[in-house]
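Source file: start.cif; contents: mmCIF, C-alpha atoms.
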```cif
data_entry
#
loop_
_atom_site.label_atom_id
_atom_site.label_comp_id
_atom_site.auth_asym_id
_atom_site.auth_seq_id
_atom_site.Cartn_x
_atom_site.Cartn_y
_atom_site.Cartn_z
CA MET A 1 17.03 30.90 -20.49
CA ARG A 2 19.75 31.64 -23.04
CA ASP A 3 22.18 29.14 -24.52
CA ILE A 4 20.30 26.10 -23.25
CA ALA A 5 19.06 23.28 -25.47
CA VAL A 6 16.80 20.49 -24.16
CA PHE A 7 16.22 17.27 -26.08
CA SER A 8 14.17 14.20 -25.19
CA GLY A 9 14.60 10.61 -26.17
CA SER A 10 11.56 8.47 -26.87
CA ALA A 11 11.32 7.08 -23.32
CA HIS A 12 9.27 9.88 -21.71
CA PRO A 13 8.75 12.95 -23.95
CA GLU A 14 5.76 14.09 -21.85
CA LEU A 15 7.99 14.68 -18.82
CA ALA A 16 10.56 16.53 -20.96
CA ALA A 17 7.84 18.77 -22.39
CA GLU A 18 6.59 19.59 -18.89
CA ILE A 19 10.14 20.40 -17.75
CA CYS A 20 10.58 22.75 -20.72
CA ALA A 21 7.27 24.46 -19.93
CA HIS A 22 8.57 25.25 -16.43
CA LEU A 23 11.88 26.50 -17.84
CA GLY A 24 10.22 28.55 -20.56
CA VAL A 25 12.33 26.98 -23.32
CA PRO A 26 11.36 24.86 -26.34
CA LEU A 27 11.77 21.09 -26.39
CA HIS A 28 13.89 20.50 -29.48
CA PRO A 29 13.08 17.55 -31.77
CA VAL A 30 15.09 14.34 -32.01
CA ARG A 31 14.88 12.08 -35.03
CA VAL A 32 15.40 8.39 -34.25
CA SER A 33 15.58 6.04 -37.21
CA ARG A 34 16.48 2.42 -37.71
CA PHE A 35 18.67 0.93 -40.41
CA ALA A 36 17.77 -2.27 -42.24
CA ASN A 37 20.23 -4.15 -40.02
CA ASP A 38 18.27 -2.98 -36.89
CA CYS A 39 20.88 -0.40 -35.79
CA LEU A 40 19.61 2.92 -34.44
CA GLU A 41 20.58 6.36 -35.70
CA VAL A 42 19.88 9.62 -33.87
CA GLN A 43 19.84 13.18 -35.17
CA LEU A 44 19.37 16.20 -32.88
CA GLY A 45 17.06 18.79 -34.45
CA ALA A 46 18.63 22.02 -33.15
CA ASN A 47 22.00 23.77 -32.95
CA CYS A 48 24.18 22.57 -30.05
CA ARG A 49 27.41 24.50 -30.71
CA GLU A 50 28.72 26.05 -27.48
CA ARG A 51 25.35 25.51 -25.80
CA ASP A 52 24.41 23.93 -22.47
CA VAL A 53 22.68 20.73 -23.65
CA TYR A 54 20.29 18.63 -21.53
CA LEU A 55 19.20 15.15 -22.64
CA VAL A 56 16.10 13.81 -20.84
CA GLN A 57 15.80 10.02 -20.89
CA PRO A 58 14.71 7.68 -18.08
CA LEU A 59 15.85 4.09 -18.57
CA VAL A 60 12.48 2.37 -18.79
CA PRO A 61 11.35 -0.68 -20.82
CA PRO A 62 12.61 -1.44 -23.36
CA VAL A 63 15.62 -0.42 -21.26
CA GLN A 64 18.32 -1.52 -23.70
CA GLU A 65 16.72 0.37 -26.61
CA HIS A 66 16.42 3.54 -24.56
CA LEU A 67 19.97 3.20 -23.26
CA VAL A 68 21.46 2.91 -26.75
CA GLU A 69 19.29 5.81 -27.88
CA LEU A 70 20.67 7.92 -25.02
CA LEU A 71 24.27 6.96 -25.85
CA LEU A 72 23.71 7.98 -29.48
CA MET A 73 22.15 11.29 -28.37
CA LEU A 74 25.25 11.94 -26.27
CA ASP A 75 27.53 11.15 -29.19
CA ALA A 76 25.51 13.43 -31.47
CA ALA A 77 25.64 16.34 -28.99
CA ARG A 78 29.38 15.91 -28.44
CA GLY A 79 29.97 15.77 -32.19
CA ALA A 80 27.92 18.95 -32.57
CA SER A 81 30.35 20.85 -30.27
CA ALA A 82 28.06 21.25 -27.25
CA ALA A 83 29.74 23.25 -24.48
CA ARG A 84 28.42 20.92 -21.76
CA ILE A 85 26.14 17.89 -21.88
CA THR A 86 23.98 16.93 -18.88
CA VAL A 87 22.03 13.67 -18.83
CA VAL A 88 18.72 14.10 -17.02
CA LEU A 89 18.09 10.58 -15.74
CA PRO A 90 14.76 10.47 -13.87
CA HIS A 91 15.08 6.69 -13.53
CA TYR A 92 18.37 4.76 -13.64
CA ALA A 93 17.21 1.17 -14.09
CA TYR A 94 20.70 -0.32 -13.82
CA ALA A 95 21.10 1.12 -10.34
CA ARG A 96 19.72 -2.16 -8.98
CA SER A 97 22.85 -3.92 -10.28
CA ASP A 98 25.08 -2.29 -7.67
CA LYS A 99 27.04 -5.08 -5.96
CA LYS A 100 28.67 -8.45 -6.50
CA ASP A 101 26.37 -10.69 -4.50
CA ALA A 102 27.11 -13.89 -6.46
CA PRO A 103 30.18 -15.33 -8.21
CA ARG A 104 31.00 -14.08 -11.72
CA ILE A 105 28.13 -11.56 -11.76
CA SER A 106 28.15 -8.28 -13.66
CA ILE A 107 27.76 -4.89 -11.97
CA GLY A 108 25.62 -3.08 -14.53
CA GLY A 109 25.23 0.11 -12.50
CA ARG A 110 28.95 0.88 -12.80
CA LEU A 111 29.29 -0.28 -16.41
CA VAL A 112 26.43 1.88 -17.71
CA ALA A 113 27.80 4.89 -15.79
CA ASP A 114 31.12 4.36 -17.59
CA LEU A 115 29.29 4.12 -20.93
CA LEU A 116 27.55 7.46 -20.34
CA LYS A 117 30.90 9.10 -19.58
CA THR A 118 32.56 7.56 -22.64
CA ALA A 119 29.69 8.65 -24.90
CA GLY A 120 30.13 12.28 -23.86
CA ALA A 121 28.19 13.06 -20.68
CA ASP A 122 29.74 15.83 -18.56
CA ARG A 123 27.18 15.69 -15.78
CA VAL A 124 24.20 13.62 -14.58
CA LEU A 125 21.01 14.81 -12.93
CA ALA A 126 19.45 11.76 -11.27
CA LEU A 127 16.34 11.14 -9.19
CA THR A 128 16.17 8.67 -6.27
CA LEU A 129 18.91 6.21 -7.12
CA HIS A 130 18.27 2.71 -5.81
CA SER A 131 21.13 2.88 -3.28
CA PRO A 132 23.62 5.55 -2.17
CA GLN A 133 26.70 3.71 -3.47
CA VAL A 134 25.44 4.04 -7.08
CA HIS A 135 26.35 7.72 -6.89
CA GLY A 136 29.99 6.66 -6.62
CA PHE A 137 29.88 4.69 -9.88
CA PHE A 138 29.88 7.91 -11.90
CA SER A 139 33.25 9.51 -12.68
CA MET A 140 31.53 12.84 -13.35
CA PRO A 141 29.49 15.27 -11.21
CA VAL A 142 26.08 13.87 -10.19
CA ASP A 143 23.24 15.95 -8.79
CA HIS A 144 21.06 13.47 -6.93
CA LEU A 145 17.51 14.65 -6.27
CA HIS A 146 14.78 12.87 -4.34
CA ALA A 147 11.01 13.15 -4.44
CA LEU A 148 10.38 13.09 -0.68
CA ARG A 149 9.25 16.72 -0.67
CA GLU A 150 6.61 16.09 -3.36
CA LEU A 151 5.40 12.94 -1.60
CA ALA A 152 5.32 14.65 1.81
CA THR A 153 3.31 17.59 0.44
CA HIS A 154 0.71 15.14 -0.83
CA PHE A 155 0.40 13.15 2.41
CA SER A 156 0.36 16.27 4.57
CA GLN A 157 -3.23 16.86 3.49
CA TYR A 158 -4.33 13.93 5.68
CA ASP A 159 -4.74 13.65 9.43
CA LEU A 160 -1.51 11.85 10.32
CA THR A 161 -2.46 11.08 13.91
CA ASP A 162 -1.50 7.46 14.69
CA THR A 163 0.35 7.18 11.36
CA VAL A 164 3.66 5.36 10.85
CA VAL A 165 5.96 5.41 7.81
CA VAL A 166 7.16 1.87 7.02
CA SER A 167 10.14 0.93 4.87
CA PRO A 168 9.90 -2.51 3.22
CA ASP A 169 13.52 -3.24 4.16
CA LEU A 170 16.42 -1.87 6.16
CA GLY A 171 18.20 -0.70 3.00
CA ASN A 172 15.52 1.94 2.45
CA ALA A 173 15.15 2.79 6.15
CA LYS A 174 17.26 5.97 5.97
CA GLU A 175 15.06 7.46 3.26
CA ALA A 176 11.93 6.36 5.14
CA ALA A 177 13.26 8.05 8.30
CA ALA A 178 13.82 11.30 6.38
CA PHE A 179 10.31 11.05 4.96
CA ALA A 180 8.88 10.43 8.45
CA ARG A 181 10.67 13.54 9.75
CA LEU A 182 9.03 15.62 7.02
CA LEU A 183 5.62 14.27 8.07
CA GLY A 184 6.32 14.30 11.82
CA THR A 185 5.55 10.60 12.24
CA PRO A 186 7.39 7.55 13.66
CA VAL A 187 9.13 5.11 11.32
CA ALA A 188 9.31 1.31 11.11
CA ALA A 189 10.96 -1.17 8.74
CA GLY A 190 10.55 -4.70 7.47
CA ALA A 191 13.27 -7.33 7.94
CA LYS A 192 13.55 -8.63 4.36
CA GLN A 193 15.51 -11.41 2.72
CA ARG A 194 15.54 -11.61 -1.09
CA TYR A 195 15.86 -15.01 -2.78
CA SER A 196 15.34 -13.90 -6.40
CA ASP A 197 14.16 -10.90 -8.39
CA ASP A 198 10.52 -11.60 -7.55
CA ARG A 199 10.71 -13.78 -4.40
CA VAL A 200 11.26 -12.19 -1.01
CA GLN A 201 10.52 -13.04 2.59
CA ILE A 202 9.80 -10.54 5.34
CA SER A 203 10.24 -12.20 8.70
CA ALA A 204 9.22 -9.31 10.94
CA VAL A 205 8.34 -5.62 11.12
CA ILE A 206 10.69 -3.61 13.34
CA GLY A 207 8.78 -0.83 15.08
CA ASP A 208 5.34 -0.17 16.54
CA VAL A 209 2.67 -0.41 13.83
CA ALA A 210 -0.13 -2.26 15.66
CA GLY A 211 -3.43 -0.46 15.24
CA LYS A 212 -1.80 2.37 13.25
CA HIS A 213 -2.39 3.96 9.86
CA VAL A 214 0.57 3.04 7.66
CA ILE A 215 2.36 4.71 4.75
CA VAL A 216 4.66 2.21 3.02
CA LEU A 217 7.53 4.02 1.28
CA ASP A 218 9.84 2.44 -1.30
CA ASP A 219 12.10 3.88 -3.99
CA GLU A 220 10.43 1.89 -6.76
CA ILE A 221 7.68 -0.67 -7.20
CA ALA A 222 7.99 -3.10 -10.12
CA LYS A 223 6.13 -6.39 -9.65
CA GLY A 224 5.12 -5.42 -6.11
CA SER A 225 6.13 -8.72 -4.52
CA THR A 226 8.01 -7.04 -1.65
CA VAL A 227 5.14 -4.67 -0.85
CA ILE A 228 2.54 -7.44 -0.97
CA GLU A 229 4.63 -9.59 1.39
CA LEU A 230 5.00 -6.63 3.75
CA MET A 231 1.27 -5.88 3.71
CA GLU A 232 0.48 -9.43 4.82
CA HIS A 233 2.59 -8.82 7.95
CA LEU A 234 1.00 -5.41 8.50
CA ARG A 235 -2.52 -6.82 8.32
CA GLY A 236 -1.45 -9.48 10.84
CA LEU A 237 -0.59 -6.60 13.17
CA ASP A 238 -4.09 -5.10 12.71
CA VAL A 239 -3.08 -1.85 11.03
CA GLN A 240 -6.05 0.42 10.35
CA SER A 241 -5.18 1.40 6.78
CA ILE A 242 -2.36 1.24 4.23
CA ARG A 243 -1.17 3.82 1.73
CA LEU A 244 1.65 3.01 -0.70
CA ALA A 245 4.20 5.57 -1.88
CA CYS A 246 7.19 5.35 -4.21
CA THR A 247 9.21 7.54 -6.56
CA HIS A 248 9.38 5.20 -9.55
CA GLY A 249 6.07 3.52 -10.35
CA LEU A 250 7.21 0.84 -12.81
CA PHE A 251 4.20 -1.41 -12.05
CA SER A 252 5.10 -4.32 -14.32
CA SER A 253 3.17 -7.56 -14.85
CA GLY A 254 -0.18 -6.24 -13.62
CA ALA A 255 1.24 -4.95 -10.32
CA LEU A 256 -1.18 -2.00 -10.07
CA ASP A 257 -4.22 -4.26 -10.23
CA ARG A 258 -2.76 -6.63 -7.64
CA LEU A 259 -1.78 -3.82 -5.27
CA SER A 260 -5.03 -1.89 -5.53
CA GLY A 261 -6.96 -5.10 -4.86
CA GLN A 262 -5.13 -5.78 -1.58
CA PRO A 263 -7.33 -5.43 1.54
CA GLY A 264 -6.85 -2.17 3.41
CA VAL A 265 -5.06 -0.27 0.61
CA LEU A 266 -6.54 3.22 0.33
CA GLU A 267 -4.13 4.82 -2.13
CA ILE A 268 -1.08 4.23 -4.33
CA VAL A 269 1.09 7.32 -4.88
CA CYS A 270 4.05 7.66 -7.24
CA THR A 271 5.71 10.32 -9.38
CA ASN A 272 5.88 10.75 -13.14
CA SER A 273 9.61 9.90 -13.24
CA VAL A 274 8.57 7.03 -15.53
CA PRO A 275 5.60 6.95 -17.92
CA ILE A 276 2.49 5.07 -16.80
CA ALA A 277 0.19 4.08 -19.63
CA ALA A 278 -3.43 5.16 -19.34
CA ASP A 279 -4.66 1.57 -19.65
CA LYS A 280 -2.53 0.57 -16.62
CA ARG A 281 -3.93 3.19 -14.25
CA VAL A 282 -6.41 2.35 -11.50
CA PRO A 283 -8.73 4.62 -9.47
CA LYS A 284 -6.52 4.38 -6.35
CA LEU A 285 -3.44 5.65 -8.24
CA LYS A 286 -2.22 9.23 -7.75
CA VAL A 287 0.70 10.47 -9.89
CA LEU A 288 2.70 13.49 -8.69
CA SER A 289 4.87 15.56 -11.02
CA VAL A 290 8.62 15.92 -10.49
CA ALA A 291 8.95 18.23 -13.52
CA PRO A 292 9.11 21.42 -11.36
CA ALA A 293 11.94 19.98 -9.24
CA LEU A 294 13.92 18.76 -12.26
CA ALA A 295 13.39 22.07 -14.06
CA GLU A 296 14.58 24.06 -11.05
CA ALA A 297 17.66 21.82 -10.71
CA MET A 298 18.45 22.31 -14.40
CA ARG A 299 18.08 26.09 -14.04
CA ARG A 300 20.46 26.06 -11.05
CA ILE A 301 23.01 23.88 -12.86
CA HIS A 302 22.91 26.20 -15.87
CA ASN A 303 23.35 29.30 -13.70
CA GLY A 304 26.04 27.77 -11.48
CA GLU A 305 23.86 27.84 -8.35
CA SER A 306 23.60 25.30 -5.53
CA VAL A 307 21.37 22.30 -6.25
CA SER A 308 21.67 20.92 -2.71
CA ALA A 309 20.01 24.11 -1.47
CA LEU A 310 16.78 22.73 -2.94
CA PHE A 311 16.65 20.34 0.04
CA ALA A 312 17.70 22.79 2.73
#
```

Please re-express this file's structure in structure tokens.
Amino acid sequence: MRDIAVFSGSAHPELAAEICAHLGVPLHPVRVSRFANDCLEVQLGANCRERDVYLVQPLVPPVQEHLVELLLMLDAARGASAARITVVLPHYAYARSDKKDAPRISIGGRLVADLLKTAGADRVLALTLHSPQVHGFFSMPVDHLHALRELATHFSQYDLTDTVVVSPDLGNAKEAAAFARLLGTPVAAGAKQRYSDDRVQISAVIGDVAGKHVIVLDDEIAKGSTVIELMEHLRGLDVQSIRLACTHGLFSSGALDRLSGQPGVLEIVCTNSVPIAADKRVPKLKVLSVAPALAEAMRRIHNGESVSALFA
């Protein structure tokens, strides 16, 4: 591909390298240094002038470091006279801060979107945002991909007779319903109330799951408290087996060990939208690649083709 330049921040260079392999272009180097006063400095290691520049950087821990690094990459590309700058954002961590649900609370999802625009982003390529309204926080074009196709391809290898897709809450029910249509299965959902970041209560499961095989689908799993609470209800309804699926496998605070040790859990499936350290992985974990989908979306954006046609 001519006149395209891809750079990666330090958050997930392995994913960026895989994307570039699918595109058949080099991954250009980025030098990140730190001044004595702890401020970051970024230098892009290739010509950007009048080129279509793509910056790959999921917002993963340490989120604030990676966010500032991305903002500095944007500023560097804009200062280097890039023709267009697209932020490839496989995981937008601030998407969870999407509403004012308490007095005097910040809405980080909107603020960070404004920061990206101010720093120089012309376009965003995102993957499975936490909620649909986050799309509207961006005052620039956003191509919003999902990983349902990759997840469905994986689960299609199994006999899905007597299988139900279950969403942990009603907020994710629409995505779970779309996933169930791809698999040709029924769908159910948990009735969830959240009290804090890591304390939830699921009072009931809406839908017929008794005696079924279950695939629990969520957009992301961090500490796993919601999924563990849901699985307690599912076991009370005598489900035959449980498989867990999500796009963003954050798996913080030993979540993978806790989830894989739960009775009835056969498999935990996620994508490589965020890096998962080798020492965190467990035998039940399966990681699917979203690099082909992101690469194809980038190719279509560069060539002025439809990205939505990917999901037709």

Output the residue selection produced by the PyMOL selection byres ((chain A and resi 116-121) around 7) on the file above, formatted as a PDB file with C-alpha atoms, keeping the file's coordinate frame.
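The file below, part07.pdb, is the result:
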```
ATOM      1  CA  LEU A  71      24.270   6.960 -25.850  1.00  0.00           C
ATOM      2  CA  LEU A  74      25.250  11.940 -26.270  1.00  0.00           C
ATOM      3  CA  ASP A  75      27.530  11.150 -29.190  1.00  0.00           C
ATOM      4  CA  ARG A  78      29.380  15.910 -28.440  1.00  0.00           C
ATOM      5  CA  ILE A  85      26.140  17.890 -21.880  1.00  0.00           C
ATOM      6  CA  THR A  86      23.980  16.930 -18.880  1.00  0.00           C
ATOM      7  CA  VAL A  87      22.030  13.670 -18.830  1.00  0.00           C
ATOM      8  CA  VAL A 112      26.430   1.880 -17.710  1.00  0.00           C
ATOM      9  CA  ALA A 113      27.800   4.890 -15.790  1.00  0.00           C
ATOM     10  CA  ASP A 114      31.120   4.360 -17.590  1.00  0.00           C
ATOM     11  CA  LEU A 115      29.290   4.120 -20.930  1.00  0.00           C
ATOM     12  CA  ASP A 122      29.740  15.830 -18.560  1.00  0.00           C
ATOM     13  CA  ARG A 123      27.180  15.690 -15.780  1.00  0.00           C
TER      14      ARG A 123
END
```

Take CA of His213 in chain A and CA of Pro132 in chain A and report the distance between them in Å, one decimal.
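Atom-to-atom, CA of His213 in chain A to CA of Pro132 in chain A, that is 28.7 Å.
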
If we draw a sphere of 10 Å around (17.9, 13.7, -33.0), which residues have at least one atom in it when counting only C-alpha atoms? Please report them as a tab-separated table (two decimals) with C-alpha atoms, in the coordinates of the input.
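The result, stored in result_38.tsv:
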```
chain	number	residue	atom	x	y	z
A	7	PHE	CA	16.22	17.27	-26.08
A	8	SER	CA	14.17	14.20	-25.19
A	9	GLY	CA	14.60	10.61	-26.17
A	28	HIS	CA	13.89	20.50	-29.48
A	29	PRO	CA	13.08	17.55	-31.77
A	30	VAL	CA	15.09	14.34	-32.01
A	31	ARG	CA	14.88	12.08	-35.03
A	32	VAL	CA	15.40	8.39	-34.25
A	33	SER	CA	15.58	6.04	-37.21
A	41	GLU	CA	20.58	6.36	-35.70
A	42	VAL	CA	19.88	9.62	-33.87
A	43	GLN	CA	19.84	13.18	-35.17
A	44	LEU	CA	19.37	16.20	-32.88
A	45	GLY	CA	17.06	18.79	-34.45
A	46	ALA	CA	18.63	22.02	-33.15
A	69	GLU	CA	19.29	5.81	-27.88
A	72	LEU	CA	23.71	7.98	-29.48
A	73	MET	CA	22.15	11.29	-28.37
A	76	ALA	CA	25.51	13.43	-31.47
A	77	ALA	CA	25.64	16.34	-28.99
```

Residue nearest Lys212 in chain A - candidates A:Asn172, A:Thr128, A:Thr161, A:Ser252, atoms counted: only C-alpha atoms
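That would be A:Thr161, the residue with the smallest distance to Lys212 in chain A.
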
Residues returned when the PyMOL selection byres ((chain A and resi 237) around 8) runs on this file, as an mmCIF file with C-alpha atoms, keeping the file's coordinate frame:
```cif
data_model
loop_
_atom_site.group_PDB
_atom_site.id
_atom_site.type_symbol
_atom_site.label_atom_id
_atom_site.label_comp_id
_atom_site.auth_asym_id
_atom_site.auth_seq_id
_atom_site.Cartn_x
_atom_site.Cartn_y
_atom_site.Cartn_z
ATOM 1 C CA VAL A 209 2.670 -0.410 13.830
ATOM 2 C CA ALA A 210 -0.130 -2.260 15.660
ATOM 3 C CA GLY A 211 -3.430 -0.460 15.240
ATOM 4 C CA HIS A 233 2.590 -8.820 7.950
ATOM 5 C CA LEU A 234 1.000 -5.410 8.500
ATOM 6 C CA ARG A 235 -2.520 -6.820 8.320
ATOM 7 C CA GLY A 236 -1.450 -9.480 10.840
ATOM 8 C CA ASP A 238 -4.090 -5.100 12.710
ATOM 9 C CA VAL A 239 -3.080 -1.850 11.030
#
```

Leaving out Val53 in chain A and any residue of its chain fewer than 5 positions from it, which residues lie within 6 Å of it when counting all atoms listed in the file, given as a PDB file with C-alpha atoms, in the coordinates of the input?
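Below is the file that was written, selection_4.pdb:
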```pdb
ATOM      1  CA  ILE A   4      20.300  26.100 -23.250  1.00  0.00           C
ATOM      2  CA  ALA A   5      19.060  23.280 -25.470  1.00  0.00           C
ATOM      3  CA  VAL A   6      16.800  20.490 -24.160  1.00  0.00           C
ATOM      4  CA  ILE A  85      26.140  17.890 -21.880  1.00  0.00           C
TER       5      ILE A  85
END
```

Pick out the residues sitting within 10 Å of Tyr94 in chain A, and hand them over as a VMD selection string; count all atoms listed in the file, and ignore anything fewer than 5 positions along from it in its own chain.
chain A and resid 59 to 60 63 107 to 113 129 to 130 134

From A:Ser167, A:Asn272, A:Ser306, A:Ser225, residue lying nearest Glu18 in chain A [only C-alpha atoms]:
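Of the candidates, the smallest distance to Glu18 in chain A is held by A:Asn272.
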
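Shortest separation to Arg96 in chain A among A:Ala189, A:Ala222, A:Val166, A:Val124 occurs at residue A:Ala222, atoms counted being only C-alpha atoms.
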
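Shortest separation to Ile276 in chain A among A:Glu150, A:Asp219, A:Glu14, A:Asp169 occurs at residue A:Glu14, atoms counted being only C-alpha atoms.
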
Go through the shown structure with the PyMOL selection byres ((chain A and resi 17) around 10) and write out the matching residues as a ChimeraX atom specification.
/A:6-8,12-16,18-23,25-28,56,291

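The closest residue to Tyr158 in chain A, picked from A:Ile215, A:Ile301, A:Ile202, A:Ala80 and counting all atoms listed in the file, is A:Ile215.
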
How many Å separate CA of Ala204 in chain A from CA of Ala173 in chain A?
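Those two atoms sit 14.3 Å apart.
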
CA of Leu285 in chain A and CA of Leu182 in chain A are how many Å apart?
22.1 Å

Would you pick out the contacts of Val165 in chain A at 12 Å or less, using all atoms listed in the file, so that residues sharing its chain but fewer than 5 positions from it are not included, and give the list as a PyMOL selection string?
chain A and resi 152+155+160+172-190+205-209+212-218+234+241-245

8 Å per side around range 303-308 of chain A: axis-aligned box centre and edge lengths, as AutoDock Vina command-line options:
```
--center_x 23.7 --center_y 25.1 --center_z -8.2 --size_x 20.7 --size_y 24.4 --size_z 27.0
```
